[in-house]
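Here is final-v4.cif, consisting of mmCIF, N, CA and C atoms:
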```cif
data_coords
loop_
_atom_site.label_atom_id
_atom_site.label_comp_id
_atom_site.auth_asym_id
_atom_site.auth_seq_id
_atom_site.Cartn_x
_atom_site.Cartn_y
_atom_site.Cartn_z
N MET A 235 8.57 -45.09 4.86
CA MET A 235 9.22 -43.81 4.97
C MET A 235 8.60 -42.87 3.96
N ILE A 236 8.30 -41.66 4.40
CA ILE A 236 7.68 -40.69 3.49
C ILE A 236 8.76 -39.86 2.82
N GLY A 237 8.43 -39.35 1.64
CA GLY A 237 9.39 -38.60 0.85
C GLY A 237 9.57 -37.17 1.35
N ALA A 238 10.55 -36.50 0.77
CA ALA A 238 10.88 -35.13 1.17
C ALA A 238 9.73 -34.15 0.94
N PRO A 239 9.01 -34.21 -0.20
CA PRO A 239 7.89 -33.27 -0.36
C PRO A 239 6.80 -33.49 0.68
N ALA A 240 6.55 -34.74 1.04
CA ALA A 240 5.54 -35.02 2.06
C ALA A 240 5.98 -34.48 3.42
N GLN A 241 7.26 -34.61 3.72
CA GLN A 241 7.76 -34.05 4.98
C GLN A 241 7.66 -32.53 4.98
N ALA A 242 7.95 -31.90 3.83
CA ALA A 242 7.83 -30.45 3.74
C ALA A 242 6.39 -30.01 3.92
N LEU A 243 5.45 -30.79 3.39
CA LEU A 243 4.04 -30.46 3.58
C LEU A 243 3.62 -30.60 5.04
N LEU A 244 4.16 -31.59 5.73
CA LEU A 244 3.88 -31.73 7.16
C LEU A 244 4.43 -30.56 7.96
N VAL A 245 5.64 -30.11 7.61
CA VAL A 245 6.23 -28.94 8.27
C VAL A 245 5.39 -27.70 7.97
N ALA A 246 4.93 -27.57 6.72
CA ALA A 246 4.09 -26.43 6.34
C ALA A 246 2.78 -26.44 7.13
N ALA A 247 2.19 -27.61 7.29
CA ALA A 247 0.95 -27.71 8.06
C ALA A 247 1.18 -27.34 9.52
N ALA A 248 2.30 -27.79 10.08
CA ALA A 248 2.61 -27.45 11.48
C ALA A 248 2.85 -25.95 11.63
N LEU A 249 3.58 -25.35 10.68
CA LEU A 249 3.81 -23.91 10.73
C LEU A 249 2.51 -23.13 10.59
N PHE A 250 1.66 -23.57 9.70
CA PHE A 250 0.37 -22.89 9.52
C PHE A 250 -0.46 -22.98 10.80
N ALA A 251 -0.47 -24.15 11.43
CA ALA A 251 -1.22 -24.32 12.68
C ALA A 251 -0.66 -23.42 13.78
N LEU A 252 0.67 -23.30 13.86
CA LEU A 252 1.26 -22.41 14.86
C LEU A 252 0.92 -20.94 14.58
N GLY A 253 0.93 -20.56 13.32
CA GLY A 253 0.56 -19.19 12.97
C GLY A 253 -0.89 -18.90 13.30
N LEU A 254 -1.77 -19.85 13.00
CA LEU A 254 -3.18 -19.69 13.32
C LEU A 254 -3.39 -19.61 14.82
N LEU A 255 -2.67 -20.41 15.56
CA LEU A 255 -2.74 -20.37 17.02
C LEU A 255 -2.29 -19.00 17.54
N ALA A 256 -1.24 -18.45 16.95
CA ALA A 256 -0.76 -17.13 17.37
C ALA A 256 -1.80 -16.06 17.08
N VAL A 257 -2.49 -16.16 15.96
CA VAL A 257 -3.51 -15.17 15.63
C VAL A 257 -4.70 -15.27 16.58
N LEU A 258 -5.09 -16.49 16.92
CA LEU A 258 -6.28 -16.68 17.74
C LEU A 258 -6.03 -16.45 19.23
N VAL A 259 -4.82 -16.72 19.71
CA VAL A 259 -4.57 -16.70 21.15
C VAL A 259 -3.92 -15.41 21.63
N ARG A 260 -2.94 -14.91 20.91
CA ARG A 260 -2.19 -13.75 21.38
C ARG A 260 -3.04 -12.50 21.36
N ARG A 261 -2.92 -11.67 22.38
CA ARG A 261 -3.71 -10.47 22.48
C ARG A 261 -2.83 -9.24 22.27
N ASN A 262 -2.09 -9.24 21.20
CA ASN A 262 -1.22 -8.12 20.86
C ASN A 262 -1.19 -8.03 19.34
N LEU A 263 -1.33 -6.83 18.80
CA LEU A 263 -1.41 -6.67 17.35
C LEU A 263 -0.11 -7.08 16.66
N VAL A 264 1.03 -6.86 17.30
CA VAL A 264 2.31 -7.23 16.69
C VAL A 264 2.40 -8.75 16.56
N PHE A 265 2.01 -9.48 17.58
CA PHE A 265 2.06 -10.94 17.52
C PHE A 265 1.01 -11.49 16.55
N THR A 266 -0.11 -10.79 16.41
CA THR A 266 -1.10 -11.19 15.41
C THR A 266 -0.52 -11.07 14.01
N LEU A 267 0.17 -9.96 13.73
CA LEU A 267 0.84 -9.80 12.44
C LEU A 267 1.91 -10.86 12.23
N LEU A 268 2.63 -11.18 13.29
CA LEU A 268 3.66 -12.22 13.20
C LEU A 268 3.03 -13.57 12.88
N GLY A 269 1.89 -13.87 13.47
CA GLY A 269 1.19 -15.12 13.16
C GLY A 269 0.73 -15.18 11.72
N ILE A 270 0.27 -14.05 11.18
CA ILE A 270 -0.13 -14.00 9.78
C ILE A 270 1.08 -14.23 8.88
N GLU A 271 2.22 -13.66 9.26
CA GLU A 271 3.45 -13.88 8.49
C GLU A 271 3.84 -15.36 8.47
N VAL A 272 3.74 -16.01 9.61
CA VAL A 272 4.09 -17.44 9.68
C VAL A 272 3.15 -18.25 8.79
N MET A 273 1.85 -17.89 8.79
CA MET A 273 0.91 -18.61 7.94
C MET A 273 1.21 -18.39 6.46
N LEU A 274 1.58 -17.17 6.08
CA LEU A 274 1.93 -16.91 4.68
C LEU A 274 3.18 -17.69 4.28
N ASN A 275 4.17 -17.73 5.15
CA ASN A 275 5.38 -18.49 4.83
C ASN A 275 5.11 -19.99 4.77
N ALA A 276 4.21 -20.47 5.61
CA ALA A 276 3.83 -21.88 5.55
C ALA A 276 3.14 -22.20 4.23
N SER A 277 2.30 -21.29 3.75
CA SER A 277 1.65 -21.54 2.46
C SER A 277 2.68 -21.52 1.33
N GLY A 278 3.68 -20.65 1.42
CA GLY A 278 4.75 -20.64 0.42
C GLY A 278 5.53 -21.93 0.42
N LEU A 279 5.82 -22.46 1.60
CA LEU A 279 6.52 -23.74 1.69
C LEU A 279 5.67 -24.87 1.10
N ALA A 280 4.36 -24.82 1.33
CA ALA A 280 3.48 -25.84 0.76
C ALA A 280 3.46 -25.76 -0.76
N PHE A 281 3.48 -24.55 -1.32
CA PHE A 281 3.52 -24.41 -2.78
C PHE A 281 4.81 -25.00 -3.35
N VAL A 282 5.94 -24.71 -2.70
CA VAL A 282 7.21 -25.24 -3.19
C VAL A 282 7.24 -26.76 -3.07
N ALA A 283 6.74 -27.29 -1.95
CA ALA A 283 6.73 -28.74 -1.77
C ALA A 283 5.82 -29.42 -2.78
N ALA A 284 4.67 -28.83 -3.06
CA ALA A 284 3.76 -29.41 -4.05
C ALA A 284 4.39 -29.34 -5.45
N GLY A 285 5.06 -28.23 -5.74
CA GLY A 285 5.75 -28.13 -7.03
C GLY A 285 6.85 -29.16 -7.17
N ALA A 286 7.58 -29.42 -6.09
CA ALA A 286 8.64 -30.43 -6.12
C ALA A 286 8.04 -31.83 -6.27
N ARG A 287 6.90 -32.05 -5.67
CA ARG A 287 6.25 -33.37 -5.75
C ARG A 287 5.85 -33.70 -7.17
N TRP A 288 5.32 -32.69 -7.90
CA TRP A 288 4.85 -32.94 -9.26
C TRP A 288 5.85 -32.47 -10.32
N GLY A 289 7.03 -32.05 -9.90
CA GLY A 289 8.06 -31.65 -10.85
C GLY A 289 7.69 -30.41 -11.65
N ASP A 290 7.01 -29.46 -11.02
CA ASP A 290 6.55 -28.26 -11.71
C ASP A 290 7.14 -27.04 -11.02
N ALA A 291 7.56 -26.06 -11.81
CA ALA A 291 8.15 -24.85 -11.25
C ALA A 291 7.10 -23.82 -10.83
N ALA A 292 5.84 -24.12 -11.04
CA ALA A 292 4.78 -23.18 -10.68
C ALA A 292 4.74 -22.92 -9.17
N GLY A 293 5.14 -23.89 -8.38
CA GLY A 293 5.18 -23.70 -6.93
C GLY A 293 6.16 -22.62 -6.52
N GLN A 294 7.28 -22.56 -7.21
CA GLN A 294 8.27 -21.51 -6.92
C GLN A 294 7.76 -20.14 -7.36
N GLY A 295 7.03 -20.11 -8.47
CA GLY A 295 6.42 -18.84 -8.90
C GLY A 295 5.39 -18.35 -7.89
N MET A 296 4.59 -19.27 -7.37
CA MET A 296 3.61 -18.89 -6.35
C MET A 296 4.30 -18.43 -5.07
N LEU A 297 5.46 -19.01 -4.76
CA LEU A 297 6.21 -18.58 -3.59
C LEU A 297 6.62 -17.11 -3.73
N LEU A 298 7.06 -16.73 -4.92
CA LEU A 298 7.42 -15.33 -5.13
C LEU A 298 6.22 -14.41 -4.95
N PHE A 299 5.07 -14.84 -5.41
CA PHE A 299 3.85 -14.06 -5.21
C PHE A 299 3.49 -13.96 -3.73
N VAL A 300 3.58 -15.07 -3.02
CA VAL A 300 3.27 -15.08 -1.58
C VAL A 300 4.24 -14.17 -0.82
N LEU A 301 5.52 -14.18 -1.19
CA LEU A 301 6.49 -13.32 -0.53
C LEU A 301 6.21 -11.85 -0.80
N ALA A 302 5.77 -11.53 -2.01
CA ALA A 302 5.40 -10.15 -2.33
C ALA A 302 4.20 -9.69 -1.51
N VAL A 303 3.20 -10.56 -1.39
CA VAL A 303 2.03 -10.23 -0.57
C VAL A 303 2.43 -10.09 0.89
N ALA A 304 3.32 -10.95 1.37
CA ALA A 304 3.77 -10.87 2.76
C ALA A 304 4.53 -9.56 3.02
N ALA A 305 5.35 -9.14 2.07
CA ALA A 305 6.08 -7.89 2.24
C ALA A 305 5.12 -6.70 2.29
N ALA A 306 4.12 -6.70 1.43
CA ALA A 306 3.13 -5.62 1.45
C ALA A 306 2.33 -5.64 2.75
N GLU A 307 2.00 -6.82 3.21
CA GLU A 307 1.25 -6.94 4.47
C GLU A 307 2.05 -6.41 5.64
N VAL A 308 3.34 -6.68 5.66
CA VAL A 308 4.18 -6.19 6.75
C VAL A 308 4.26 -4.67 6.71
N ALA A 309 4.44 -4.11 5.53
CA ALA A 309 4.56 -2.66 5.42
C ALA A 309 3.28 -1.96 5.88
N VAL A 310 2.16 -2.38 5.38
CA VAL A 310 0.89 -1.75 5.73
C VAL A 310 0.53 -2.07 7.19
N GLY A 311 0.71 -3.31 7.58
CA GLY A 311 0.35 -3.71 8.95
C GLY A 311 1.15 -2.99 10.01
N LEU A 312 2.45 -2.87 9.82
CA LEU A 312 3.27 -2.17 10.81
C LEU A 312 2.97 -0.68 10.84
N ALA A 313 2.66 -0.09 9.69
CA ALA A 313 2.27 1.33 9.68
C ALA A 313 0.99 1.53 10.48
N LEU A 314 0.02 0.63 10.30
CA LEU A 314 -1.21 0.73 11.08
C LEU A 314 -0.98 0.50 12.56
N VAL A 315 -0.13 -0.46 12.90
CA VAL A 315 0.17 -0.73 14.30
C VAL A 315 0.84 0.48 14.96
N LEU A 316 1.76 1.12 14.25
CA LEU A 316 2.41 2.31 14.79
C LEU A 316 1.40 3.43 15.04
N GLN A 317 0.47 3.62 14.11
CA GLN A 317 -0.54 4.66 14.29
C GLN A 317 -1.46 4.34 15.46
N VAL A 318 -1.85 3.09 15.61
CA VAL A 318 -2.70 2.69 16.73
C VAL A 318 -1.96 2.88 18.05
N ALA A 319 -0.67 2.51 18.09
CA ALA A 319 0.11 2.67 19.32
C ALA A 319 0.26 4.14 19.69
N ARG A 320 0.48 4.99 18.70
CA ARG A 320 0.62 6.43 18.99
C ARG A 320 -0.70 7.03 19.44
N ARG A 321 -1.79 6.63 18.80
CA ARG A 321 -3.07 7.27 19.09
C ARG A 321 -3.69 6.77 20.39
N PHE A 322 -3.63 5.47 20.65
CA PHE A 322 -4.32 4.90 21.80
C PHE A 322 -3.39 4.47 22.92
N GLY A 323 -2.10 4.33 22.65
CA GLY A 323 -1.16 3.94 23.68
C GLY A 323 -1.20 2.47 24.07
N THR A 324 -1.86 1.64 23.29
CA THR A 324 -1.93 0.21 23.59
C THR A 324 -2.01 -0.57 22.27
N LEU A 325 -1.61 -1.82 22.34
CA LEU A 325 -1.72 -2.71 21.19
C LEU A 325 -2.62 -3.91 21.48
N ASP A 326 -3.34 -3.85 22.60
CA ASP A 326 -4.25 -4.92 22.99
C ASP A 326 -5.59 -4.73 22.26
N PRO A 327 -5.99 -5.68 21.40
CA PRO A 327 -7.25 -5.51 20.65
C PRO A 327 -8.47 -5.36 21.54
N ASP A 328 -8.51 -6.06 22.67
CA ASP A 328 -9.66 -5.95 23.57
C ASP A 328 -9.73 -4.54 24.16
N ARG A 329 -8.61 -4.01 24.54
CA ARG A 329 -8.57 -2.65 25.10
C ARG A 329 -8.95 -1.62 24.03
N LEU A 330 -8.55 -1.85 22.79
CA LEU A 330 -8.93 -0.94 21.71
C LEU A 330 -10.43 -0.95 21.49
N LEU A 331 -11.07 -2.12 21.61
CA LEU A 331 -12.53 -2.17 21.49
C LEU A 331 -13.19 -1.41 22.63
N ASP A 332 -12.64 -1.52 23.83
CA ASP A 332 -13.18 -0.78 24.96
C ASP A 332 -13.05 0.72 24.74
N LEU A 333 -11.93 1.16 24.17
CA LEU A 333 -11.74 2.57 23.89
C LEU A 333 -12.70 3.07 22.83
N ALA A 334 -12.98 2.24 21.84
CA ALA A 334 -13.88 2.65 20.77
C ALA A 334 -15.32 2.75 21.24
N GLU A 335 -15.72 1.93 22.21
CA GLU A 335 -17.09 1.92 22.68
C GLU A 335 -17.34 2.89 23.82
N SER A 336 -16.30 3.41 24.46
CA SER A 336 -16.50 4.29 25.60
C SER A 336 -16.95 5.66 25.13
N PRO A 337 -17.97 6.23 25.80
CA PRO A 337 -18.42 7.57 25.41
C PRO A 337 -17.39 8.61 25.87
N GLN A 338 -16.99 9.45 24.93
CA GLN A 338 -16.01 10.48 25.25
C GLN A 338 -16.59 11.86 24.97
N GLY A 339 -17.89 12.01 25.10
CA GLY A 339 -18.50 13.29 24.80
C GLY A 339 -18.78 13.38 23.31
N GLU A 340 -19.33 14.51 22.92
CA GLU A 340 -19.64 14.69 21.51
C GLU A 340 -18.39 15.01 20.73
N LYS A 341 -18.29 14.43 19.57
CA LYS A 341 -17.18 14.71 18.68
C LYS A 341 -17.68 15.56 17.54
N ASP A 342 -16.79 16.17 16.80
CA ASP A 342 -17.16 16.96 15.64
C ASP A 342 -17.86 16.09 14.63
N GLY A 343 -18.94 16.61 14.07
CA GLY A 343 -19.65 15.89 13.04
C GLY A 343 -20.76 14.99 13.56
N GLU A 344 -20.92 14.86 14.89
CA GLU A 344 -21.97 14.02 15.43
C GLU A 344 -23.26 14.81 15.56
N GLU A 345 -24.36 14.10 15.54
CA GLU A 345 -25.65 14.76 15.65
C GLU A 345 -26.00 14.99 17.10
N HIS A 346 -26.64 16.15 17.37
CA HIS A 346 -27.18 16.44 18.69
C HIS A 346 -28.55 15.77 18.79
N ALA A 347 -29.12 15.83 19.98
CA ALA A 347 -30.46 15.28 20.17
C ALA A 347 -31.48 16.02 19.30
N SER A 348 -31.22 17.28 19.01
CA SER A 348 -32.14 18.07 18.19
C SER A 348 -32.03 17.74 16.71
N GLY A 349 -31.02 17.00 16.32
CA GLY A 349 -30.84 16.64 14.93
C GLY A 349 -29.83 17.51 14.21
N ALA A 350 -29.36 18.58 14.85
CA ALA A 350 -28.37 19.45 14.23
C ALA A 350 -26.99 18.82 14.37
N ARG A 351 -26.13 19.09 13.40
CA ARG A 351 -24.79 18.54 13.42
C ARG A 351 -23.83 19.58 13.95
N THR A 352 -22.79 19.12 14.62
CA THR A 352 -21.74 20.03 15.08
C THR A 352 -20.81 20.35 13.93
N ALA A 353 -20.06 21.40 14.08
CA ALA A 353 -19.13 21.82 13.02
C ALA A 353 -17.97 20.84 12.93
N VAL A 354 -17.48 20.67 11.74
CA VAL A 354 -16.33 19.81 11.49
C VAL A 354 -15.17 20.69 11.10
N LYS A 355 -14.00 20.41 11.67
CA LYS A 355 -12.83 21.19 11.34
C LYS A 355 -12.53 21.09 9.86
N GLY A 356 -12.21 22.23 9.26
CA GLY A 356 -11.80 22.22 7.86
C GLY A 356 -12.99 22.26 6.89
N GLY A 357 -14.17 22.52 7.35
CA GLY A 357 -15.30 22.61 6.43
C GLY A 357 -16.58 22.23 7.13
N SER A 358 -17.65 22.23 6.39
CA SER A 358 -18.94 21.87 6.97
C SER A 358 -19.42 20.58 6.34
N ARG A 359 -20.25 19.90 7.08
CA ARG A 359 -20.83 18.65 6.58
C ARG A 359 -22.31 18.86 6.36
N ALA A 360 -22.81 18.30 5.34
CA ALA A 360 -24.23 18.44 5.04
C ALA A 360 -25.01 17.28 5.59
#
```

Rewrite the coordinates I just gave you, this time as structure tokens.
Amino acid sequence: MIGAPAQALLVAAALFALGLLAVLVRRNLVFTLLGIEVMLNASGLAFVAAGARWGDAAGQGMLLFVLAVAAAEVAVGLALVLQVARRFGTLDPDRLLDLAESPQGEKDGEEHASGARTAVKGGSRA
């Protein structure tokens, strides 16, 4: 029979694998962020389990650090996802790549065939 820290490490490994699977398989930015969150929480669980195994409180300290990083990742990630959804109307990464590669005419600041640059709103570019 394996001990409680070993079981917690097995659960952490399973959670990390599920999070990695969500990042690699799902084609939606929200689910990708969710998979990253699951992986961060799995690493926090592994730190706590390792700390319990060796009787050290450093694992709990690392958990607090991991939770802080996860909170920052959620805040920045969701802000970026909202901006992408508003600007492009989709959260599919493949569709976003197609939108980025499609020619939409000349944009401000791009070079013409003659080498001259177009005007940029709010100032000029050298």

Checklist entry - Excluding same-chain residues fewer than 2 positions from region 297-309 of chain A, what lies within 7 Å of it counting only N, CA and C atoms, as a VMD selection string? => result chain A and resid 271 274 to 275 277 to 279 281 to 282 292 to 295 311 to 314

Next on the checklist: Can you measure CA of Leu331 (chain A) to atom N of Ala319 (chain A) for me? One decimal in Å is fine.
Outcome noted: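 Spanning CA of Leu331 (chain A) to atom N of Ala319 (chain A) is a straight-line distance of 13.2 Å.
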
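Among the candidate residues A:Leu316, A:Ile270, A:Leu325, A:Leu330, the one lying nearest to Gly253 (chain A) is A:Ile270, with distances computed using all atoms listed in the file.
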
Item to check | DSSP-assigned helix (DSSP H, G or I) among region 256-346 of chain A, expressed as a PyMOL selection string | outcome: chain A and resi 256-259+263-288+292-322+327-335

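Once the PyMOL selection byres ((chain A and resi 256) around 7) is applied to this file, the selection holds Ala251, Leu252, Gly253, Leu254, Leu255, Val257, Leu258, Val259, Arg260, Arg261, Phe265, Thr266, Leu268, Gly269 and Ile270 of chain A.
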
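Distance check against Ala240 (chain A) using all atoms listed in the file: of A:Val310, A:Ala334, A:Val315, A:Ala283, the minimum falls on A:Ala283.
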
Next on the checklist: Using Å and a single decimal, report how far atom C of Val272 (chain A) sits from CA of Leu249 (chain A).
Outcome noted: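 Between CA of Leu249 (chain A) and atom C of Val272 (chain A) the gap works out to 6.0 Å.
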